[in-house]
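File shown: work_4.txt. Contents: compact mmCIF, N, CA, C and O atoms.
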```
# COMPACT_ATOMS: atom_id res chain seq x y z
N MET A 30 151.27 109.50 162.91
CA MET A 30 150.43 110.64 163.23
C MET A 30 151.32 111.87 163.38
O MET A 30 152.33 111.83 164.06
N ASN A 31 150.95 112.98 162.74
CA ASN A 31 151.78 114.18 162.83
C ASN A 31 151.35 115.07 163.99
O ASN A 31 150.33 114.85 164.62
N VAL A 32 152.15 116.11 164.23
CA VAL A 32 151.91 116.99 165.39
C VAL A 32 150.56 117.69 165.27
O VAL A 32 149.85 117.85 166.26
N GLN A 33 150.19 118.09 164.05
CA GLN A 33 148.91 118.78 163.84
C GLN A 33 147.75 117.87 164.28
O GLN A 33 146.84 118.31 164.96
N ASN A 34 147.81 116.60 163.90
CA ASN A 34 146.75 115.66 164.29
C ASN A 34 146.72 115.43 165.79
O ASN A 34 145.65 115.31 166.39
N ILE A 35 147.90 115.38 166.40
CA ILE A 35 147.97 115.21 167.86
C ILE A 35 147.33 116.39 168.56
O ILE A 35 146.56 116.24 169.50
N MET A 36 147.63 117.61 168.06
CA MET A 36 147.03 118.81 168.67
C MET A 36 145.51 118.82 168.48
O MET A 36 144.78 119.16 169.41
N GLU A 37 145.04 118.44 167.29
CA GLU A 37 143.60 118.38 167.06
C GLU A 37 142.94 117.39 168.02
O GLU A 37 141.90 117.69 168.62
N ASP A 38 143.54 116.22 168.17
CA ASP A 38 142.98 115.22 169.09
C ASP A 38 142.97 115.72 170.52
O ASP A 38 142.00 115.51 171.26
N SER A 39 144.04 116.39 170.93
CA SER A 39 144.11 116.94 172.29
C SER A 39 143.04 118.00 172.50
O SER A 39 142.38 118.03 173.54
N LEU A 40 142.87 118.88 171.51
CA LEU A 40 141.85 119.92 171.63
C LEU A 40 140.45 119.33 171.68
O LEU A 40 139.60 119.81 172.42
N LYS A 41 140.21 118.27 170.91
CA LYS A 41 138.89 117.63 170.93
C LYS A 41 138.55 117.13 172.33
O LYS A 41 137.41 117.21 172.77
N GLU A 42 139.56 116.63 173.04
CA GLU A 42 139.33 116.13 174.40
C GLU A 42 139.07 117.26 175.37
O GLU A 42 138.32 117.11 176.33
N MET A 43 139.70 118.44 175.15
CA MET A 43 139.58 119.56 176.08
C MET A 43 138.35 120.43 175.85
O MET A 43 137.80 120.98 176.79
N LEU A 44 137.92 120.55 174.59
CA LEU A 44 136.80 121.44 174.27
C LEU A 44 135.47 120.81 174.66
O LEU A 44 135.32 119.60 174.62
N PRO A 45 134.50 121.66 175.00
CA PRO A 45 133.16 121.14 175.26
C PRO A 45 132.63 120.43 174.02
O PRO A 45 133.00 120.76 172.90
N SER A 46 131.74 119.47 174.22
CA SER A 46 131.23 118.70 173.08
C SER A 46 130.56 119.63 172.07
O SER A 46 129.92 120.61 172.44
N GLY A 47 130.75 119.30 170.81
CA GLY A 47 130.15 120.09 169.75
C GLY A 47 131.04 121.21 169.25
O GLY A 47 130.73 121.84 168.25
N GLN A 48 132.12 121.51 169.93
CA GLN A 48 133.01 122.57 169.49
C GLN A 48 134.17 121.96 168.71
O GLN A 48 134.72 120.94 169.09
N SER A 49 134.53 122.63 167.64
CA SER A 49 135.48 122.07 166.69
C SER A 49 136.87 122.68 166.84
O SER A 49 137.02 123.90 166.79
N PRO A 50 137.91 121.84 166.97
CA PRO A 50 139.27 122.37 167.04
C PRO A 50 139.76 122.88 165.69
O PRO A 50 140.71 123.63 165.63
N GLU A 51 139.09 122.49 164.60
CA GLU A 51 139.54 122.91 163.29
C GLU A 51 139.56 124.43 163.17
O GLU A 51 140.45 125.00 162.56
N LYS A 52 138.54 125.11 163.74
CA LYS A 52 138.50 126.57 163.70
C LYS A 52 139.71 127.17 164.42
O LYS A 52 140.29 128.15 163.98
N LEU A 53 140.06 126.58 165.57
CA LEU A 53 141.20 127.10 166.33
C LEU A 53 142.51 126.89 165.59
O LEU A 53 143.42 127.69 165.68
N LEU A 54 142.60 125.80 164.86
CA LEU A 54 143.86 125.45 164.18
C LEU A 54 143.94 125.98 162.76
O LEU A 54 144.97 125.86 162.12
N GLU A 55 142.85 126.58 162.27
CA GLU A 55 142.85 127.10 160.91
C GLU A 55 143.91 128.19 160.78
O GLU A 55 143.97 129.12 161.58
N GLY A 56 144.78 128.07 159.81
CA GLY A 56 145.84 129.06 159.61
C GLY A 56 147.06 128.83 160.47
O GLY A 56 148.00 129.62 160.44
N LEU A 57 147.07 127.77 161.26
CA LEU A 57 148.20 127.47 162.15
C LEU A 57 149.06 126.37 161.54
O LEU A 57 148.55 125.32 161.16
N THR A 58 150.36 126.63 161.45
CA THR A 58 151.30 125.62 161.00
C THR A 58 152.33 125.42 162.11
O THR A 58 152.90 126.40 162.61
N ILE A 59 152.55 124.19 162.49
CA ILE A 59 153.54 123.88 163.51
C ILE A 59 154.82 123.45 162.80
O ILE A 59 154.87 122.38 162.20
N ASN A 60 155.83 124.33 162.84
CA ASN A 60 157.09 124.02 162.18
C ASN A 60 157.95 123.08 163.03
O ASN A 60 158.67 122.26 162.49
N ASP A 61 157.87 123.24 164.34
CA ASP A 61 158.69 122.43 165.22
C ASP A 61 158.06 122.41 166.61
O ASP A 61 157.50 123.42 167.05
N LEU A 62 158.14 121.29 167.28
CA LEU A 62 157.65 121.17 168.64
C LEU A 62 158.53 120.16 169.35
O LEU A 62 158.71 119.04 168.88
N GLU A 63 159.11 120.59 170.45
CA GLU A 63 159.98 119.71 171.22
C GLU A 63 159.66 119.90 172.70
O GLU A 63 159.54 121.03 173.16
N TYR A 64 159.51 118.79 173.42
CA TYR A 64 159.25 118.94 174.84
C TYR A 64 159.92 117.82 175.62
O TYR A 64 160.18 116.74 175.10
N THR A 65 160.18 118.13 176.88
CA THR A 65 160.72 117.14 177.81
C THR A 65 159.92 117.25 179.11
O THR A 65 159.51 118.34 179.51
N MET A 66 159.73 116.10 179.74
CA MET A 66 159.04 116.08 181.02
C MET A 66 159.81 115.15 181.94
O MET A 66 160.15 114.03 181.55
N LYS A 67 160.09 115.64 183.14
CA LYS A 67 160.77 114.82 184.13
C LYS A 67 159.73 114.37 185.14
O LYS A 67 158.98 115.17 185.69
N ILE A 68 159.70 113.06 185.40
CA ILE A 68 158.72 112.47 186.31
C ILE A 68 159.46 111.75 187.44
O ILE A 68 160.40 111.01 187.19
N ASP A 69 159.02 111.98 188.67
CA ASP A 69 159.62 111.32 189.82
C ASP A 69 159.38 109.82 189.72
O ASP A 69 158.24 109.38 189.58
N GLN A 70 160.43 109.04 189.79
CA GLN A 70 160.28 107.60 189.59
C GLN A 70 159.59 106.89 190.76
O GLN A 70 159.09 105.77 190.59
N ASP A 71 159.55 107.50 191.93
CA ASP A 71 158.89 106.87 193.08
C ASP A 71 157.41 107.23 193.16
O ASP A 71 156.56 106.38 193.42
N THR A 72 157.08 108.51 192.97
CA THR A 72 155.70 108.97 193.12
C THR A 72 154.95 109.07 191.79
O THR A 72 153.73 109.15 191.79
N TYR A 73 155.67 109.10 190.70
CA TYR A 73 155.12 109.31 189.35
C TYR A 73 154.53 110.70 189.18
O TYR A 73 153.80 110.96 188.22
N TYR A 74 154.83 111.62 190.09
CA TYR A 74 154.40 113.01 189.93
C TYR A 74 155.33 113.70 188.95
O TYR A 74 156.53 113.45 188.93
N PRO A 75 154.79 114.62 188.15
CA PRO A 75 155.67 115.39 187.26
C PRO A 75 156.54 116.33 188.09
O PRO A 75 156.09 116.86 189.11
N GLU A 76 157.78 116.51 187.67
CA GLU A 76 158.68 117.45 188.36
C GLU A 76 158.90 118.70 187.52
O GLU A 76 158.80 119.80 188.02
N THR A 77 159.24 118.50 186.24
CA THR A 77 159.44 119.64 185.35
C THR A 77 158.87 119.32 183.98
O THR A 77 158.73 118.17 183.58
N PHE A 78 158.57 120.40 183.26
CA PHE A 78 158.08 120.30 181.89
C PHE A 78 158.67 121.47 181.12
O PHE A 78 158.63 122.61 181.58
N HIS A 79 159.25 121.19 179.96
CA HIS A 79 159.82 122.23 179.13
C HIS A 79 159.39 121.98 177.69
O HIS A 79 159.52 120.87 177.19
N MET A 80 158.86 123.04 177.04
CA MET A 80 158.42 122.90 175.66
C MET A 80 158.87 124.10 174.84
O MET A 80 158.69 125.25 175.25
N ASP A 81 159.48 123.82 173.69
CA ASP A 81 159.85 124.83 172.71
C ASP A 81 159.04 124.56 171.45
O ASP A 81 158.96 123.43 170.99
N THR A 82 158.44 125.62 170.91
CA THR A 82 157.60 125.48 169.74
C THR A 82 157.95 126.55 168.73
O THR A 82 158.34 127.66 169.09
N ASN A 83 157.80 126.23 167.46
CA ASN A 83 157.96 127.19 166.38
C ASN A 83 156.69 127.12 165.56
O ASN A 83 156.42 126.11 164.91
N LEU A 84 155.88 128.19 165.62
CA LEU A 84 154.58 128.21 164.97
C LEU A 84 154.51 129.31 163.91
O LEU A 84 155.16 130.34 164.03
N LYS A 85 153.70 129.07 162.90
CA LYS A 85 153.37 130.11 161.92
C LYS A 85 151.86 130.23 161.92
O LYS A 85 151.13 129.23 161.81
N ILE A 86 151.37 131.46 162.06
CA ILE A 86 149.94 131.72 162.09
C ILE A 86 149.62 132.69 160.96
O ILE A 86 150.25 133.75 160.86
N VAL A 87 148.66 132.33 160.13
CA VAL A 87 148.21 133.22 159.06
C VAL A 87 146.76 133.57 159.34
O VAL A 87 145.90 132.68 159.42
N GLU A 88 146.51 134.86 159.53
CA GLU A 88 145.15 135.32 159.83
C GLU A 88 144.92 136.64 159.12
O GLU A 88 145.73 137.57 159.23
N ASN A 89 143.83 136.73 158.39
CA ASN A 89 143.49 137.93 157.62
C ASN A 89 144.63 138.36 156.71
O ASN A 89 144.93 139.54 156.57
N GLY A 90 145.31 137.39 156.13
CA GLY A 90 146.39 137.67 155.20
C GLY A 90 147.70 138.06 155.85
O GLY A 90 148.69 138.32 155.17
N LYS A 91 147.74 138.13 157.16
CA LYS A 91 148.97 138.48 157.88
C LYS A 91 149.62 137.22 158.42
O LYS A 91 148.95 136.36 158.97
N ARG A 92 150.93 137.15 158.26
CA ARG A 92 151.69 135.99 158.72
C ARG A 92 152.48 136.36 159.98
O ARG A 92 153.17 137.37 160.01
N ILE A 93 152.35 135.53 161.00
CA ILE A 93 153.06 135.76 162.26
C ILE A 93 153.87 134.51 162.58
O ILE A 93 153.35 133.40 162.52
N GLU A 94 155.14 134.69 162.89
CA GLU A 94 155.97 133.58 163.39
C GLU A 94 156.04 133.74 164.89
O GLU A 94 156.28 134.83 165.40
N TRP A 95 155.82 132.65 165.60
CA TRP A 95 155.78 132.70 167.06
C TRP A 95 156.59 131.53 167.59
O TRP A 95 156.38 130.39 167.17
N LYS A 96 157.50 131.81 168.51
CA LYS A 96 158.37 130.77 169.06
C LYS A 96 158.26 130.76 170.59
O LYS A 96 159.19 131.15 171.29
N PRO A 97 157.13 130.31 171.10
CA PRO A 97 156.98 130.28 172.56
C PRO A 97 157.82 129.17 173.19
O PRO A 97 158.05 128.12 172.61
N SER A 98 158.29 129.47 174.39
CA SER A 98 159.02 128.50 175.19
C SER A 98 158.36 128.47 176.56
O SER A 98 158.15 129.52 177.18
N ILE A 99 158.02 127.29 177.02
CA ILE A 99 157.32 127.15 178.30
C ILE A 99 158.16 126.27 179.22
O ILE A 99 158.63 125.21 178.82
N TYR A 100 158.33 126.75 180.45
CA TYR A 100 159.02 125.94 181.46
C TYR A 100 158.15 125.92 182.70
O TYR A 100 157.71 126.96 183.19
N SER A 101 157.87 124.74 183.20
CA SER A 101 157.06 124.59 184.41
C SER A 101 157.78 123.69 185.40
O SER A 101 158.42 122.72 185.02
N LYS A 102 157.65 124.06 186.68
CA LYS A 102 158.20 123.23 187.75
C LYS A 102 157.04 122.94 188.71
O LYS A 102 156.32 123.84 189.11
N PHE A 103 156.88 121.67 189.06
CA PHE A 103 155.77 121.24 189.90
C PHE A 103 156.28 120.84 191.28
O PHE A 103 157.32 120.19 191.41
N SER A 104 155.52 121.22 192.30
CA SER A 104 155.91 120.87 193.67
C SER A 104 154.69 121.00 194.59
O SER A 104 153.62 121.38 194.16
N ARG A 105 154.91 120.66 195.84
CA ARG A 105 153.91 120.80 196.90
C ARG A 105 152.61 120.06 196.59
O ARG A 105 151.52 120.56 196.85
N PHE A 106 152.73 118.86 196.08
CA PHE A 106 151.54 118.05 195.79
C PHE A 106 150.80 117.74 197.07
O PHE A 106 151.38 117.35 198.07
N ASN A 107 149.49 117.93 197.04
CA ASN A 107 148.60 117.64 198.16
C ASN A 107 148.93 118.43 199.42
O ASN A 107 148.57 118.02 200.51
N GLU A 108 149.60 119.57 199.27
CA GLU A 108 149.94 120.39 200.43
C GLU A 108 149.06 121.62 200.57
O GLU A 108 149.08 122.27 201.60
N ILE A 109 148.32 121.97 199.55
CA ILE A 109 147.52 123.18 199.57
C ILE A 109 146.30 122.95 200.46
O ILE A 109 145.57 121.97 200.32
N GLU A 110 146.08 123.88 201.35
CA GLU A 110 144.92 123.81 202.24
C GLU A 110 143.67 124.22 201.47
O GLU A 110 143.73 124.61 200.31
N GLU A 111 142.55 124.17 202.12
CA GLU A 111 141.28 124.54 201.50
C GLU A 111 141.33 125.97 200.97
O GLU A 111 141.85 126.87 201.63
N ILE A 112 140.79 126.18 199.79
CA ILE A 112 140.71 127.52 199.20
C ILE A 112 139.32 128.05 199.49
O ILE A 112 138.31 127.44 199.12
N VAL A 113 139.27 129.21 200.17
CA VAL A 113 137.99 129.80 200.55
C VAL A 113 137.81 131.09 199.75
O VAL A 113 138.65 131.98 199.79
N ILE A 114 136.70 131.18 199.02
CA ILE A 114 136.39 132.38 198.25
C ILE A 114 135.51 133.26 199.12
O ILE A 114 134.45 132.81 199.61
N PRO A 115 135.90 134.53 199.33
CA PRO A 115 135.11 135.43 200.17
C PRO A 115 133.68 135.59 199.64
O PRO A 115 133.46 135.64 198.43
N LYS A 116 132.71 135.66 200.56
CA LYS A 116 131.31 135.77 200.18
C LYS A 116 131.06 137.03 199.35
O LYS A 116 130.23 137.03 198.45
N GLU A 117 131.79 138.12 199.65
CA GLU A 117 131.60 139.36 198.89
C GLU A 117 131.91 139.13 197.41
O GLU A 117 131.23 139.63 196.52
N LEU A 118 132.94 138.35 197.15
CA LEU A 118 133.31 138.05 195.78
C LEU A 118 132.28 137.13 195.12
O LEU A 118 131.90 137.33 193.96
N LEU A 119 131.83 136.12 195.85
CA LEU A 119 130.81 135.23 195.32
C LEU A 119 129.53 135.98 194.98
O LEU A 119 128.87 135.69 193.98
N ASN A 120 129.17 136.98 195.80
CA ASN A 120 127.96 137.77 195.56
C ASN A 120 128.08 138.62 194.30
O ASN A 120 127.08 138.98 193.69
N GLN A 121 129.32 138.94 193.89
CA GLN A 121 129.54 139.76 192.69
C GLN A 121 129.67 138.91 191.43
O GLN A 121 129.70 139.44 190.33
N ALA A 122 129.74 137.61 191.59
CA ALA A 122 129.93 136.72 190.44
C ALA A 122 128.76 136.82 189.47
O ALA A 122 127.62 137.01 189.88
N GLU A 123 129.07 136.74 188.18
CA GLU A 123 128.04 136.79 187.15
C GLU A 123 128.11 135.53 186.30
O GLU A 123 129.19 135.02 186.02
N GLU A 124 126.96 135.04 185.91
CA GLU A 124 126.88 133.86 185.05
C GLU A 124 127.44 134.22 183.67
O GLU A 124 127.16 135.28 183.14
N MET A 125 128.26 133.32 183.13
CA MET A 125 128.81 133.53 181.79
C MET A 125 127.85 132.95 180.77
O MET A 125 127.31 131.87 180.97
N GLU A 126 127.69 133.67 179.66
CA GLU A 126 126.82 133.16 178.61
C GLU A 126 127.53 132.04 177.86
O GLU A 126 128.75 131.85 178.00
N ASP A 127 126.78 131.31 177.07
CA ASP A 127 127.32 130.21 176.28
C ASP A 127 128.45 130.73 175.39
O ASP A 127 128.26 131.67 174.63
N MET A 128 129.63 130.12 175.49
CA MET A 128 130.78 130.59 174.73
C MET A 128 131.06 129.71 173.52
O MET A 128 132.12 129.82 172.91
N SER A 129 130.13 128.86 173.13
CA SER A 129 130.38 127.95 172.02
C SER A 129 130.65 128.69 170.71
O SER A 129 131.32 128.16 169.84
N GLY A 130 130.17 129.91 170.58
CA GLY A 130 130.36 130.66 169.34
C GLY A 130 131.81 131.07 169.07
O GLY A 130 132.17 131.33 167.93
N ILE A 131 132.63 131.13 170.11
CA ILE A 131 134.01 131.58 169.87
C ILE A 131 134.86 130.46 169.29
O ILE A 131 135.96 130.70 168.82
N PHE A 132 134.38 129.24 169.31
CA PHE A 132 135.12 128.13 168.71
C PHE A 132 134.40 127.71 167.47
O PHE A 132 134.52 126.78 166.88
```

When written as structure tokens, how does the structure in this file appear?
Amino acid sequence: MNVQNIMEDSLKEMLPSGQSPEKLLEGLTINDLEYTMKIDQDTYYPETFHMDTNLKIVENGKRIEWKPSIYSKFSRFNEIEEIVIPKELLNQAEEMEDMSGIF
């Protein structure tokens, strides 16, 4: 299985049902993808994640090369207290319309 297929499968799991990852991946070529993840051997919690990618995107006849690098460090598992959203903010919240058209 190649990286493109892995990404399509991952997107299928993340997207709401009925939405197609093919549209998102159209014009995308993955030249290289490398990642490492460090996991604590006692707790099995992730500690760090590092990913380097080399992508080519072609859209409307324009070619873009993109080389994102992501580094994440994880900590404080189960330490966050309750998150309280102020009522004033909740009162200002607006319902989002169906976003299935963007995929």

Neighbours of region 74-88 of chain A within 7 Å (only C-alpha atoms; same-chain residues fewer than 6 positions away dropped), as an MDAnalysis selection string?
chainID A and resid 56:68 94:104

Atom N of Glu123 (chain A) and CA of Glu110 (chain A) are how many Å apart?
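Rounded to one decimal, the two atoms are 24.8 Å apart.
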
Name the residues of region 64-130 of chain A that fall into strand (DSSP E) according to DSSP on the backbone, using the chain letters and numbers of this document, as number ranges by chain.
A: 64-68, 75-88, 91-95, 98-102

Provide the CA of Glu55 (chain A) to CA of Asn89 (chain A) distance in Å, to one decimal place.
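Here the two named atoms are 11.3 Å from each other.
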
Could you jot down the atom N of Asn34 (chain A) to CA of Arg92 (chain A) separation for me, Å, one decimal place?
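Distance reported for this atom pair: 20.4 Å.
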
Report, as JSON, the centre and edge lengths in Å (one decimal) of the axis-aligned box enclosing every listed atom of region 102-116 of chain A, padded by 5 Å on each side.
```
{"center_x": 144.2, "center_y": 127.2, "center_z": 194.5, "size_x": 38.0, "size_y": 29.7, "size_z": 25.6}
```

Can you patch up region 110-121 of chain A, filling it in to all heavy atoms, and show the result as a compact mmCIF listing (two decimals), keeping the file's coordinate frame?
```txt
# COMPACT_ATOMS: atom_id res chain seq x y z
N GLU A 110 146.08 123.88 201.35
CA GLU A 110 144.92 123.81 202.24
C GLU A 110 143.67 124.22 201.47
O GLU A 110 143.73 124.61 200.31
CB GLU A 110 145.13 124.73 203.44
CG GLU A 110 146.34 124.38 204.30
CD GLU A 110 146.22 123.03 204.98
OE1 GLU A 110 145.10 122.67 205.38
OE2 GLU A 110 147.25 122.34 205.11
N GLU A 111 142.55 124.17 202.12
CA GLU A 111 141.28 124.54 201.50
C GLU A 111 141.33 125.97 200.97
O GLU A 111 141.85 126.87 201.63
CB GLU A 111 140.15 124.42 202.53
CG GLU A 111 138.81 124.79 202.00
CD GLU A 111 137.72 124.74 203.07
OE1 GLU A 111 138.05 124.63 204.26
OE2 GLU A 111 136.55 124.81 202.69
N ILE A 112 140.79 126.18 199.79
CA ILE A 112 140.71 127.52 199.20
C ILE A 112 139.32 128.05 199.49
O ILE A 112 138.31 127.44 199.12
CB ILE A 112 140.97 127.47 197.68
CG1 ILE A 112 142.39 126.95 197.43
CG2 ILE A 112 140.75 128.83 197.05
CD1 ILE A 112 142.70 126.69 195.99
N VAL A 113 139.27 129.21 200.17
CA VAL A 113 137.99 129.80 200.55
C VAL A 113 137.81 131.09 199.75
O VAL A 113 138.65 131.98 199.79
CB VAL A 113 137.95 130.10 202.06
CG1 VAL A 113 136.64 130.77 202.44
CG2 VAL A 113 138.16 128.82 202.86
N ILE A 114 136.70 131.18 199.02
CA ILE A 114 136.39 132.38 198.25
C ILE A 114 135.51 133.26 199.12
O ILE A 114 134.45 132.81 199.61
CB ILE A 114 135.67 132.01 196.94
CG1 ILE A 114 136.57 131.10 196.12
CG2 ILE A 114 135.28 133.26 196.17
CD1 ILE A 114 135.92 130.50 194.91
N PRO A 115 135.90 134.53 199.33
CA PRO A 115 135.11 135.43 200.17
C PRO A 115 133.68 135.59 199.64
O PRO A 115 133.46 135.64 198.43
CB PRO A 115 135.86 136.76 200.09
CG PRO A 115 137.23 136.40 199.63
CD PRO A 115 137.09 135.18 198.80
N LYS A 116 132.71 135.66 200.56
CA LYS A 116 131.31 135.77 200.18
C LYS A 116 131.06 137.03 199.35
O LYS A 116 130.23 137.03 198.45
CB LYS A 116 130.42 135.77 201.42
CG LYS A 116 130.28 134.42 202.04
CD LYS A 116 129.26 134.40 203.15
CE LYS A 116 129.22 132.98 203.71
NZ LYS A 116 128.15 132.81 204.67
N GLU A 117 131.79 138.12 199.65
CA GLU A 117 131.60 139.36 198.89
C GLU A 117 131.91 139.13 197.41
O GLU A 117 131.23 139.63 196.52
CB GLU A 117 132.51 140.49 199.39
CG GLU A 117 132.46 140.79 200.87
CD GLU A 117 133.35 139.87 201.70
OE1 GLU A 117 134.56 139.81 201.45
OE2 GLU A 117 132.80 139.20 202.59
N LEU A 118 132.94 138.35 197.15
CA LEU A 118 133.31 138.05 195.78
C LEU A 118 132.28 137.13 195.12
O LEU A 118 131.90 137.33 193.96
CB LEU A 118 134.70 137.41 195.74
CG LEU A 118 135.31 137.18 194.38
CD1 LEU A 118 135.46 138.48 193.62
CD2 LEU A 118 136.66 136.51 194.51
N LEU A 119 131.83 136.12 195.85
CA LEU A 119 130.81 135.23 195.32
C LEU A 119 129.53 135.98 194.98
O LEU A 119 128.87 135.69 193.98
CB LEU A 119 130.50 134.11 196.31
CG LEU A 119 131.55 133.01 196.43
CD1 LEU A 119 131.18 132.06 197.56
CD2 LEU A 119 131.70 132.25 195.13
N ASN A 120 129.17 136.98 195.80
CA ASN A 120 127.96 137.77 195.56
C ASN A 120 128.08 138.62 194.30
O ASN A 120 127.08 138.98 193.69
CB ASN A 120 127.64 138.65 196.76
CG ASN A 120 127.21 137.84 197.97
OD1 ASN A 120 126.74 136.70 197.82
ND2 ASN A 120 127.38 138.40 199.15
N GLN A 121 129.32 138.94 193.89
CA GLN A 121 129.54 139.76 192.69
C GLN A 121 129.67 138.91 191.43
O GLN A 121 129.70 139.44 190.33
CB GLN A 121 130.81 140.60 192.85
CG GLN A 121 130.75 141.63 193.95
CD GLN A 121 132.08 142.34 194.12
OE1 GLN A 121 132.95 142.27 193.27
NE2 GLN A 121 132.23 143.02 195.24
```
